[in-house]
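Text of protein17.cif, listed as mmCIF, C-alpha atoms:
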data_upload
loop_
_atom_site.label_atom_id
_atom_site.label_comp_id
_atom_site.auth_asym_id
_atom_site.auth_seq_id
_atom_site.Cartn_x
_atom_site.Cartn_y
_atom_site.Cartn_z
CA MET U 11 155.76 92.42 85.82
CA GLU U 12 157.08 89.12 87.14
CA LYS U 13 160.47 88.05 85.86
CA ASP U 14 160.31 84.92 83.74
CA PHE U 15 163.25 85.68 81.43
CA GLY U 16 161.18 85.02 78.33
CA GLY U 17 160.09 81.65 79.62
CA PHE U 18 163.45 80.05 78.85
CA LYS U 19 164.34 77.14 81.12
CA ASN U 20 167.69 75.82 79.88
CA ILE U 21 170.20 78.27 78.44
CA LEU U 22 173.45 77.43 76.69
CA ILE U 23 176.14 80.11 76.53
CA ILE U 24 178.77 79.44 73.88
CA GLY U 25 181.91 81.36 74.82
CA LEU U 26 182.69 81.84 78.51
CA GLY U 27 184.38 85.21 78.35
CA LEU U 28 183.53 88.52 79.97
CA ILE U 29 180.10 88.93 78.32
CA GLY U 30 179.08 85.28 78.47
CA GLY U 31 180.12 85.07 82.11
CA SER U 32 178.37 88.32 82.96
CA ILE U 33 175.12 87.07 81.40
CA ALA U 34 175.31 83.89 83.47
CA LEU U 35 176.12 85.57 86.78
CA SER U 36 173.55 88.30 86.19
CA LEU U 37 170.85 85.73 85.43
CA LYS U 38 171.52 84.00 88.74
CA LYS U 39 171.57 87.33 90.60
CA GLU U 40 168.23 88.35 89.08
CA GLY U 41 166.56 85.10 90.12
CA PHE U 42 166.65 82.89 87.04
CA GLN U 43 165.40 79.47 88.14
CA GLY U 44 166.44 77.40 85.13
CA LYS U 45 169.72 75.76 84.22
CA ILE U 46 172.65 77.64 82.70
CA TYR U 47 175.03 75.57 80.63
CA GLY U 48 178.33 76.66 79.15
CA PHE U 49 180.54 75.68 76.23
CA ASP U 50 184.09 76.82 75.57
CA LEU U 51 187.07 75.32 73.81
CA SER U 52 189.13 76.10 76.91
CA LYS U 53 188.84 73.54 79.71
CA GLU U 54 190.23 76.17 82.10
CA ARG U 55 187.43 78.62 81.28
CA VAL U 56 184.77 75.97 81.72
CA LYS U 57 186.28 74.98 85.06
CA LYS U 58 186.52 78.62 86.18
CA ALA U 59 182.91 79.33 85.18
CA ILE U 60 181.74 76.41 87.29
CA GLU U 61 183.91 77.50 90.24
CA LEU U 62 182.45 81.00 90.07
CA GLY U 63 178.93 79.60 90.05
CA ALA U 64 178.23 81.17 86.66
CA ILE U 65 177.14 77.92 85.01
CA ASP U 66 175.65 74.67 86.30
CA GLN U 67 177.52 72.47 83.83
CA GLY U 68 180.00 73.04 81.04
CA TRP U 69 181.61 71.24 78.14
CA THR U 70 184.38 71.53 75.56
CA LYS U 71 182.76 69.15 73.07
CA LEU U 72 179.48 69.98 71.34
CA GLU U 73 178.36 66.36 71.20
CA ASP U 74 178.42 66.15 75.03
CA ILE U 75 175.82 68.91 75.47
CA PRO U 76 172.23 67.79 76.35
CA TRP U 77 170.75 69.56 73.32
CA GLU U 78 167.28 68.13 73.91
CA LYS U 79 167.02 70.36 76.98
CA ILE U 80 168.29 73.61 75.43
CA ASP U 81 165.70 76.26 74.49
CA LEU U 82 168.02 79.28 74.15
CA VAL U 83 171.55 79.41 72.75
CA ILE U 84 173.62 82.58 73.21
CA ILE U 85 176.72 82.87 71.02
CA SER U 86 179.25 84.95 72.95
CA THR U 87 182.47 84.53 70.97
CA PRO U 88 184.40 86.79 68.55
CA VAL U 89 182.19 87.66 65.56
CA SER U 90 184.52 85.96 63.07
CA THR U 91 183.60 82.61 64.65
CA PHE U 92 179.81 82.96 64.33
CA ILE U 93 179.41 81.31 60.93
CA ASP U 94 181.53 78.30 61.86
CA ILE U 95 179.71 77.90 65.18
CA ALA U 96 176.30 78.13 63.51
CA GLN U 97 177.22 75.45 61.01
CA LYS U 98 178.51 73.14 63.72
CA ILE U 99 175.56 73.48 66.12
CA LYS U 100 172.83 73.34 63.44
CA PRO U 101 172.55 69.49 63.44
CA PHE U 102 172.08 69.44 67.23
CA LEU U 103 169.36 72.09 67.56
CA LYS U 104 165.68 71.43 68.24
CA LYS U 105 163.39 73.29 65.85
CA ASP U 106 161.87 75.37 68.64
CA THR U 107 165.23 76.43 70.09
CA ILE U 108 166.08 80.12 69.70
CA VAL U 109 169.64 81.16 68.86
CA THR U 110 170.94 84.65 69.54
CA ASP U 111 174.27 86.43 69.90
CA VAL U 112 175.88 89.37 71.67
CA GLY U 113 178.12 90.58 68.86
CA SER U 114 178.65 94.23 67.98
CA VAL U 115 178.46 93.65 64.21
CA LYS U 116 175.20 92.66 62.52
CA GLY U 117 174.37 93.61 58.89
CA GLU U 118 175.23 90.83 56.43
CA LEU U 119 176.31 88.54 59.27
CA VAL U 120 172.76 88.36 60.64
CA LYS U 121 171.39 87.47 57.21
CA GLN U 122 173.92 84.66 56.83
CA LEU U 123 173.17 83.27 60.29
CA GLU U 124 169.42 83.37 59.67
CA LYS U 125 169.92 81.39 56.46
CA ILE U 126 172.34 78.84 57.96
CA LEU U 127 170.22 78.13 61.05
CA SER U 128 166.77 78.07 59.38
CA PRO U 129 164.24 76.75 60.32
CA VAL U 130 165.68 77.42 63.78
CA LYS U 131 165.08 81.06 64.73
CA PHE U 132 168.13 83.35 64.93
CA ILE U 133 167.74 86.78 66.51
CA GLY U 134 170.59 89.30 66.45
CA ALA U 135 171.24 91.07 69.76
CA HIS U 136 173.87 93.55 70.95
CA PRO U 137 174.15 94.59 74.61
CA ILE U 138 175.74 98.04 74.81
CA ALA U 139 177.85 97.10 77.80
CA GLY U 140 181.27 95.73 78.56
CA THR U 141 184.73 96.48 79.86
CA GLU U 142 188.22 96.33 78.41
CA LYS U 143 188.92 93.13 80.36
CA GLU U 144 188.68 89.54 79.14
CA GLY U 145 187.68 86.18 80.56
CA VAL U 146 184.92 84.79 82.74
CA GLU U 147 187.04 85.65 85.80
CA ASN U 148 186.33 89.33 85.01
CA ALA U 149 182.58 88.85 84.59
CA VAL U 150 180.44 91.58 86.17
CA ILE U 151 177.13 90.97 87.92
CA GLY U 152 174.61 93.55 86.76
CA LEU U 153 176.71 94.54 83.72
CA PHE U 154 173.59 95.00 81.57
CA LYS U 155 171.38 96.79 84.07
CA ASN U 156 170.11 100.12 82.71
CA LYS U 157 172.18 99.62 79.54
CA LYS U 158 170.76 99.57 76.02
CA LEU U 159 170.24 96.26 74.27
CA ILE U 160 169.72 96.36 70.52
CA LEU U 161 167.65 93.67 68.81
CA THR U 162 168.23 93.73 65.05
CA ILE U 163 164.91 92.47 63.74
CA ASN U 164 162.60 93.51 60.92
CA GLN U 165 159.38 92.64 62.71
CA GLU U 166 158.37 91.41 66.12
CA ASP U 167 156.96 87.94 66.69
CA GLU U 168 156.56 85.58 69.64
CA ALA U 169 160.25 84.59 69.60
CA THR U 170 161.55 88.16 69.51
CA LYS U 171 159.15 89.17 72.29
CA ARG U 172 160.52 86.34 74.43
CA LEU U 173 164.09 87.49 73.88
CA GLU U 174 163.07 91.09 74.57
CA LYS U 175 161.60 89.95 77.90
CA PHE U 176 164.76 87.96 78.64
CA TRP U 177 166.93 91.08 78.35
CA SER U 178 164.40 93.34 80.05
CA ASP U 179 164.40 91.03 83.05
CA LEU U 180 168.20 91.39 83.17
CA GLY U 181 167.59 95.14 83.49
CA SER U 182 168.43 96.17 79.92
CA LYS U 183 166.63 98.88 77.95
CA VAL U 184 165.66 97.08 74.74
CA GLU U 185 165.53 98.90 71.40
CA ILE U 186 164.72 97.56 67.94
CA MET U 187 167.01 98.55 65.05
CA ASP U 188 167.61 97.47 61.47
CA ALA U 189 170.83 95.44 61.18
CA ASP U 190 172.45 97.72 58.59
CA THR U 191 171.56 100.85 60.55
CA HIS U 192 173.00 99.20 63.65
CA ASP U 193 176.36 98.66 61.97
CA PHE U 194 176.64 102.30 60.88
CA VAL U 195 175.58 103.66 64.28
CA PHE U 196 178.02 101.56 66.26
CA ALA U 197 180.85 102.05 63.79
CA ALA U 198 180.51 105.74 64.69
CA VAL U 199 179.95 105.59 68.45
CA SER U 200 181.91 102.45 69.39
CA HIS U 201 184.18 101.10 66.67
CA LEU U 202 185.67 104.49 65.73
CA PRO U 203 186.50 105.43 69.35
CA HIS U 204 188.28 102.11 69.79
CA ALA U 205 190.19 102.66 66.54
CA VAL U 206 191.21 106.15 67.69
CA ALA U 207 192.32 104.86 71.10
CA PHE U 208 194.46 102.12 69.55
CA ALA U 209 195.90 104.60 67.04
CA LEU U 210 196.69 107.19 69.73
CA VAL U 211 198.66 104.66 71.75
CA ASP U 212 200.42 103.59 68.55
CA ALA U 213 201.32 107.23 67.83
CA LEU U 214 202.91 107.59 71.26
CA ILE U 215 204.88 104.39 70.71
CA SER U 216 206.26 105.95 67.50
CA LEU U 217 206.99 109.29 69.18
CA SER U 218 208.77 107.50 72.02
CA LYS U 219 210.99 105.71 69.52
CA GLU U 220 211.60 108.91 67.58
CA THR U 221 212.66 110.95 70.61
CA GLY U 222 214.12 108.28 72.86
CA ILE U 223 211.75 109.45 75.57
CA ASP U 224 209.39 106.86 77.06
CA LEU U 225 206.24 108.96 76.91
CA PHE U 226 204.30 106.26 78.74
CA LEU U 227 206.09 107.25 81.95
CA TYR U 228 204.17 110.54 82.00
CA PRO U 229 200.49 109.89 81.24
CA GLY U 230 197.90 111.91 83.12
CA ALA U 231 194.37 110.91 84.02
CA GLY U 232 193.05 112.27 80.74
CA PHE U 233 195.28 110.02 78.66
CA LYS U 234 194.46 107.00 80.80
CA ASP U 235 190.72 107.66 80.61
CA PHE U 236 190.78 108.30 76.88
CA THR U 237 192.85 105.23 76.01
CA ARG U 238 191.33 102.77 78.51
CA ILE U 239 189.55 100.95 75.70
CA ALA U 240 192.86 100.37 73.92
CA ALA U 241 193.40 97.67 76.56
CA SER U 242 190.56 95.69 74.94
CA SER U 243 191.13 92.32 73.28
CA PRO U 244 193.08 92.64 70.00
CA ASN U 245 191.39 89.51 68.60
CA VAL U 246 187.90 90.81 69.35
CA TRP U 247 188.58 94.21 67.80
CA LYS U 248 190.44 92.83 64.80
CA ASP U 249 187.28 90.88 63.98
CA ILE U 250 184.97 93.85 64.54
CA PHE U 251 187.04 96.19 62.35
CA ILE U 252 187.16 93.67 59.51
CA GLU U 253 183.54 92.46 59.75
CA ASN U 254 182.25 96.06 59.75
CA LYS U 255 184.96 97.25 57.35
CA GLU U 256 182.92 99.59 55.13
CA ASN U 257 181.35 101.52 58.00
CA VAL U 258 184.55 101.63 60.04
CA LEU U 259 186.55 103.01 57.11
CA HIS U 260 183.87 105.64 56.47
CA THR U 261 183.93 106.84 60.08
CA ILE U 262 187.75 106.85 60.14
CA ASP U 263 187.76 109.00 56.98
CA GLU U 264 185.41 111.48 58.65
CA PHE U 265 187.60 111.56 61.75
CA ILE U 266 190.67 112.24 59.60
CA LYS U 267 188.82 115.19 58.03
CA SER U 268 188.05 116.53 61.51
CA MET U 269 191.69 116.13 62.57
CA GLU U 270 192.89 117.87 59.41
CA ASN U 271 190.49 120.74 60.07
CA LEU U 272 191.72 121.05 63.66
CA ARG U 273 195.33 120.89 62.49
CA ASN U 274 194.74 123.66 59.95
CA LEU U 275 193.08 125.91 62.51
CA ILE U 276 196.01 125.45 64.89
CA ASP U 277 198.53 125.95 62.09
CA ARG U 278 196.88 129.22 61.01
CA GLY U 279 196.42 130.40 64.56
CA ASP U 280 192.73 130.93 63.81
CA GLU U 281 191.60 131.53 67.37
CA GLU U 282 188.01 132.45 66.51
CA ARG U 283 187.28 129.27 64.55
CA LEU U 284 189.27 127.17 66.97
CA ILE U 285 187.18 128.43 69.89
CA LYS U 286 184.02 127.76 67.86
CA LEU U 287 185.04 124.16 67.12
CA LEU U 288 186.14 123.44 70.69
CA SER U 289 183.02 125.05 72.16
CA GLU U 290 180.64 123.11 69.91
CA SER U 291 182.42 119.86 70.74
CA ARG U 292 182.39 120.67 74.45
CA GLU U 293 178.65 121.45 74.45
CA LYS U 294 177.81 118.26 72.57
CA ARG U 295 179.89 116.20 75.00
CA LEU U 296 178.24 117.86 78.02
CA SER U 297 174.82 117.05 76.57
CA LEU U 298 175.60 113.33 76.94
CA GLU U 299 175.43 113.70 80.71
CA LYS U 300 171.75 114.65 80.40
CA ASN U 301 170.80 111.40 78.62
#

Can you present the structure in this file as structure tokens?
Amino acid sequence: MEKDFGGFKNILIIGLGLIGGSIALSLKKEGFQGKIYGFDLSKERVKKAIELGAIDQGWTKLEDIPWEKIDLVIISTPVSTFIDIAQKIKPFLKKDTIVTDVGSVKGELVKQLEKILSPVKFIGAHPIAGTEKEGVENAVIGLFKNKKLILTINQEDEATKRLEKFWSDLGSKVEIMDADTHDFVFAAVSHLPHAVAFALVDALISLSKETGIDLFLYPGAGFKDFTRIAASSPNVWKDIFIENKENVLHTIDEFIKSMENLRNLIDRGDEERLIKLLSESREKRLSLEKN
């Protein structure tokens, strides 16, 4: 099927960071023929995005944007800013403009955004892709290719089908999911791993202070691989943890139970049950390579 990116002609990306920049560069790589505009509070980021060829024009003031041309707005900023951004852009939007996001928290946030932006259509979206780096200068062409993209909608209509085509043409594998289910799923498979990585590094900081040994002089590949995501943006992850608080706390509680169980097995020297736990975990992890 021919790529038309949902028929959108003029796209505005609000937030010229890693994800926003990667969307822009990937669109150009995949043959998008329309205009890509950018907005960011940082003049340096806007300038850098233009230098990289990610956007055609960029602004730091909302009133300077040619809103009459925009048919798709992508909010690509920390999730704690979404409500404020929606309120500020609402007066500028055409009724047939579609607004979406790339945030990793949906749930109640989606409902609030739908209400604030009505009658303009808001569609929640979450690309399951990224790196631990920040800034448009670290944008990755093809970041979303063969990666899942979750649309948090209750029912499909013409607007959601257009956005689905937009992401499919970027190479993403689009799935539909209820917003509340989305937040539980990604609290478990994304937010919890980040929390564990941050906490593990924090534990080694404490152990280094306790012993006077700088443990960070001796990390192996395993430690570096496991804690890579702890290099992610503190501001981004602070927002995610707080916005998805209930689900994140639930998954942390379950992880603590698992750690306590492992600790008890080690403490008792229960080799049989320890082997069983480690083997089951190993097999489940190996099964991921088949997906």

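With only C-alpha atoms as the atoms that count, the minimum distance from Pro76 of chain U to the choices U:Ile223, U:Leu37, U:Lys45, U:Lys183 is reached by U:Lys45.
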
* Spell out the residues picked by the PyMOL selection byres ((chain U and resi 88-90) around 8) here, as an MDAnalysis selection string. => chainID U and resid 86:87 91:93 113:115 245:246 249:250 253

* Result set, the PyMOL selection byres ((chain U and resi 121-138) around 6) on current file, as a list of chain:residue names -> U:Lys100, U:Lys105, U:Ile108, U:Val109, U:Thr110, U:Asp111, U:Val112, U:Gly113, U:Ser114, U:Glu118, U:Leu119, U:Val120, U:Ala139, U:Lys158, U:Leu159, U:Ile160, U:Leu161, U:Thr162

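For the pair atom CA of Glu256 of chain U and atom CA of Pro244 of chain U, the separation is 19.3 Å.
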
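Atom CA of Phe233 of chain U to atom CA of Asp212 of chain U spans 13.0 Å [interatomic distance, one decimal].
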
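Proximity of U:Ala209, U:Ala189, U:Ala59, U:Leu82 to Lys116 of chain U, computed with all atoms listed in the file, is greatest for U:Ala189.
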
* Asked: Evaluating the PyMOL selection byres ((chain U and resi 78) around 10) on the displayed file yields which residues, as a ChimeraX atom specification?
  -> /U:20,75-77,79-81,102-104,107

* **Point-to-point distance from atom CA of Asp179 of chain U to atom CA of Gln43 of chain U, Å rounded to tenths** => 12.7 Å

Select, counting all atoms listed in the file, all protein, DNA and RNA residues no farther than 6 Å from (184.6, 71.3, 82.5) in file coordinates, and express the selection as a PDB file with C-alpha atoms, keeping the file's coordinate frame.
ATOM      1  CA  LYS U  53     188.840  73.540  79.710  1.00  0.00           C
ATOM      2  CA  VAL U  56     184.770  75.970  81.720  1.00  0.00           C
ATOM      3  CA  LYS U  57     186.280  74.980  85.060  1.00  0.00           C
ATOM      4  CA  GLY U  68     180.000  73.040  81.040  1.00  0.00           C
ATOM      5  CA  TRP U  69     181.610  71.240  78.140  1.00  0.00           C
TER       6      TRP U  69
END

* Expected answer as a ChimeraX atom specification: all residues with atoms within 12 Å of (190.6, 86.9, 86.6), all atoms listed in the file -> /U:27-28,31,54-55,58-59,62,143-150

* List the neighbours of segment 203-206 of chain U out to 9 Å using only C-alpha atoms; skip same-chain residues closer than 6 positions along the sequence, and give me the result as a ChimeraX atom specification. => /U:197,237,239-240,242,247,251,258,262,265

Would you export the selected residues with C-alpha atoms as a short mmCIF file (atom, residue, chain, number, x, y, z; two decimals), keeping the file's coordinate frame, please?
data_model
loop_
_atom_site.label_atom_id
_atom_site.label_comp_id
_atom_site.auth_asym_id
_atom_site.auth_seq_id
_atom_site.Cartn_x
_atom_site.Cartn_y
_atom_site.Cartn_z
CA ALA U 197 180.85 102.05 63.79
CA THR U 237 192.85 105.23 76.01
CA ILE U 239 189.55 100.95 75.70
CA ALA U 240 192.86 100.37 73.92
CA SER U 242 190.56 95.69 74.94
CA TRP U 247 188.58 94.21 67.80
CA PHE U 251 187.04 96.19 62.35
CA VAL U 258 184.55 101.63 60.04
CA ILE U 262 187.75 106.85 60.14
CA PHE U 265 187.60 111.56 61.75
#

* To do: Would you please work out which residue, of U:Leu202, U:Ile29, U:Ala96, U:Met187, is nearest to Gly140 of chain U when using all atoms listed in the file?
  => U:Ile29

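Among the candidates U:Leu288, U:Leu51, U:Leu180, U:Leu227, the residue lying nearest to Gly25 of chain U is U:Leu51 (atoms considered: only C-alpha atoms).
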
Would you place a box with edges along x, y and z of the file around all atoms of segment 45-52 of chain U listed there, add 8 Å to each of its six sides, and report the centre and edge lengths in Å to one decimal, as JSON?
{"center_x": 179.4, "center_y": 76.5, "center_z": 79.0, "size_x": 35.4, "size_y": 18.3, "size_z": 26.4}

Could segment 104-115 of chain U be completed with all heavy atoms and written as an mmCIF file, in the frame of the given file, please?
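Once written, selection37.cif looks like this:
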data_model
loop_
_atom_site.group_PDB
_atom_site.id
_atom_site.type_symbol
_atom_site.label_atom_id
_atom_site.label_comp_id
_atom_site.auth_asym_id
_atom_site.auth_seq_id
_atom_site.Cartn_x
_atom_site.Cartn_y
_atom_site.Cartn_z
ATOM 1 N N LYS U 104 167.114 71.710 68.385
ATOM 2 C CA LYS U 104 165.680 71.430 68.240
ATOM 3 C C LYS U 104 165.066 72.563 67.418
ATOM 4 O O LYS U 104 165.554 73.696 67.439
ATOM 5 C CB LYS U 104 165.014 71.390 69.615
ATOM 6 C CG LYS U 104 165.515 70.310 70.558
ATOM 7 C CD LYS U 104 164.695 70.315 71.851
ATOM 8 C CE LYS U 104 164.767 71.659 72.565
ATOM 9 N NZ LYS U 104 163.956 71.683 73.807
ATOM 10 N N LYS U 105 164.001 72.285 66.720
ATOM 11 C CA LYS U 105 163.390 73.290 65.850
ATOM 12 C C LYS U 105 162.840 74.487 66.613
ATOM 13 O O LYS U 105 162.758 75.591 66.073
ATOM 14 C CB LYS U 105 162.291 72.650 64.998
ATOM 15 C CG LYS U 105 162.813 71.731 63.910
ATOM 16 C CD LYS U 105 161.698 71.237 63.009
ATOM 17 C CE LYS U 105 162.262 70.354 61.888
ATOM 18 N NZ LYS U 105 161.191 69.849 60.995
ATOM 19 N N ASP U 106 162.447 74.262 67.876
ATOM 20 C CA ASP U 106 161.870 75.370 68.640
ATOM 21 C C ASP U 106 162.897 76.092 69.507
ATOM 22 O O ASP U 106 162.561 76.990 70.272
ATOM 23 C CB ASP U 106 160.715 74.880 69.507
ATOM 24 C CG ASP U 106 161.139 73.786 70.491
ATOM 25 O OD1 ASP U 106 162.269 73.257 70.348
ATOM 26 O OD2 ASP U 106 160.342 73.466 71.390
ATOM 27 N N THR U 107 164.174 75.708 69.373
ATOM 28 C CA THR U 107 165.230 76.430 70.090
ATOM 29 C C THR U 107 165.457 77.780 69.422
ATOM 30 O O THR U 107 165.374 77.904 68.200
ATOM 31 C CB THR U 107 166.552 75.622 70.070
ATOM 32 O OG1 THR U 107 166.356 74.388 70.736
ATOM 33 C CG2 THR U 107 167.672 76.387 70.766
ATOM 34 N N ILE U 108 165.748 78.793 70.225
ATOM 35 C CA ILE U 108 166.080 80.120 69.700
ATOM 36 C C ILE U 108 167.579 80.337 69.868
ATOM 37 O O ILE U 108 168.150 80.019 70.913
ATOM 38 C CB ILE U 108 165.291 81.223 70.437
ATOM 39 C CG1 ILE U 108 163.789 81.087 70.131
ATOM 40 C CG2 ILE U 108 165.798 82.619 70.046
ATOM 41 C CD1 ILE U 108 162.905 82.021 70.938
ATOM 42 N N VAL U 109 168.205 80.849 68.814
ATOM 43 C CA VAL U 109 169.640 81.160 68.860
ATOM 44 C C VAL U 109 169.807 82.665 68.749
ATOM 45 O O VAL U 109 169.160 83.315 67.921
ATOM 46 C CB VAL U 109 170.403 80.461 67.714
ATOM 47 C CG1 VAL U 109 171.896 80.796 67.791
ATOM 48 C CG2 VAL U 109 170.201 78.949 67.770
ATOM 49 N N THR U 110 170.658 83.219 69.582
ATOM 50 C CA THR U 110 170.940 84.650 69.540
ATOM 51 C C THR U 110 172.438 84.859 69.733
ATOM 52 O O THR U 110 173.201 83.912 69.871
ATOM 53 C CB THR U 110 170.120 85.407 70.609
ATOM 54 O OG1 THR U 110 170.290 86.822 70.436
ATOM 55 C CG2 THR U 110 170.558 85.023 72.007
ATOM 56 N N ASP U 111 172.848 86.101 69.729
ATOM 57 C CA ASP U 111 174.270 86.430 69.900
ATOM 58 C C ASP U 111 174.394 87.684 70.733
ATOM 59 O O ASP U 111 173.385 88.271 71.142
ATOM 60 C CB ASP U 111 174.958 86.600 68.540
ATOM 61 C CG ASP U 111 174.590 87.922 67.890
ATOM 62 O OD1 ASP U 111 173.384 88.267 67.875
ATOM 63 O OD2 ASP U 111 175.481 88.639 67.402
ATOM 64 N N VAL U 112 175.633 88.115 70.963
ATOM 65 C CA VAL U 112 175.880 89.370 71.670
ATOM 66 C C VAL U 112 176.940 90.182 70.935
ATOM 67 O O VAL U 112 177.618 91.017 71.524
ATOM 68 C CB VAL U 112 176.310 89.130 73.144
ATOM 69 C CG1 VAL U 112 175.148 88.589 73.959
ATOM 70 C CG2 VAL U 112 177.497 88.162 73.217
ATOM 71 N N GLY U 113 177.092 89.918 69.640
ATOM 72 C CA GLY U 113 178.120 90.580 68.860
ATOM 73 C C GLY U 113 177.806 92.023 68.525
ATOM 74 O O GLY U 113 176.636 92.411 68.455
ATOM 75 N N SER U 114 178.848 92.815 68.269
ATOM 76 C CA SER U 114 178.650 94.230 67.980
ATOM 77 C C SER U 114 178.636 94.534 66.488
ATOM 78 O O SER U 114 178.645 95.689 66.096
ATOM 79 C CB SER U 114 179.731 95.076 68.674
ATOM 80 O OG SER U 114 180.999 94.780 68.143
ATOM 81 N N VAL U 115 178.626 93.475 65.652
ATOM 82 C CA VAL U 115 178.460 93.650 64.210
ATOM 83 C C VAL U 115 177.270 92.801 63.779
ATOM 84 O O VAL U 115 177.141 91.645 64.168
ATOM 85 C CB VAL U 115 179.716 93.206 63.424
ATOM 86 C CG1 VAL U 115 179.501 93.392 61.926
ATOM 87 C CG2 VAL U 115 180.935 94.009 63.874
#
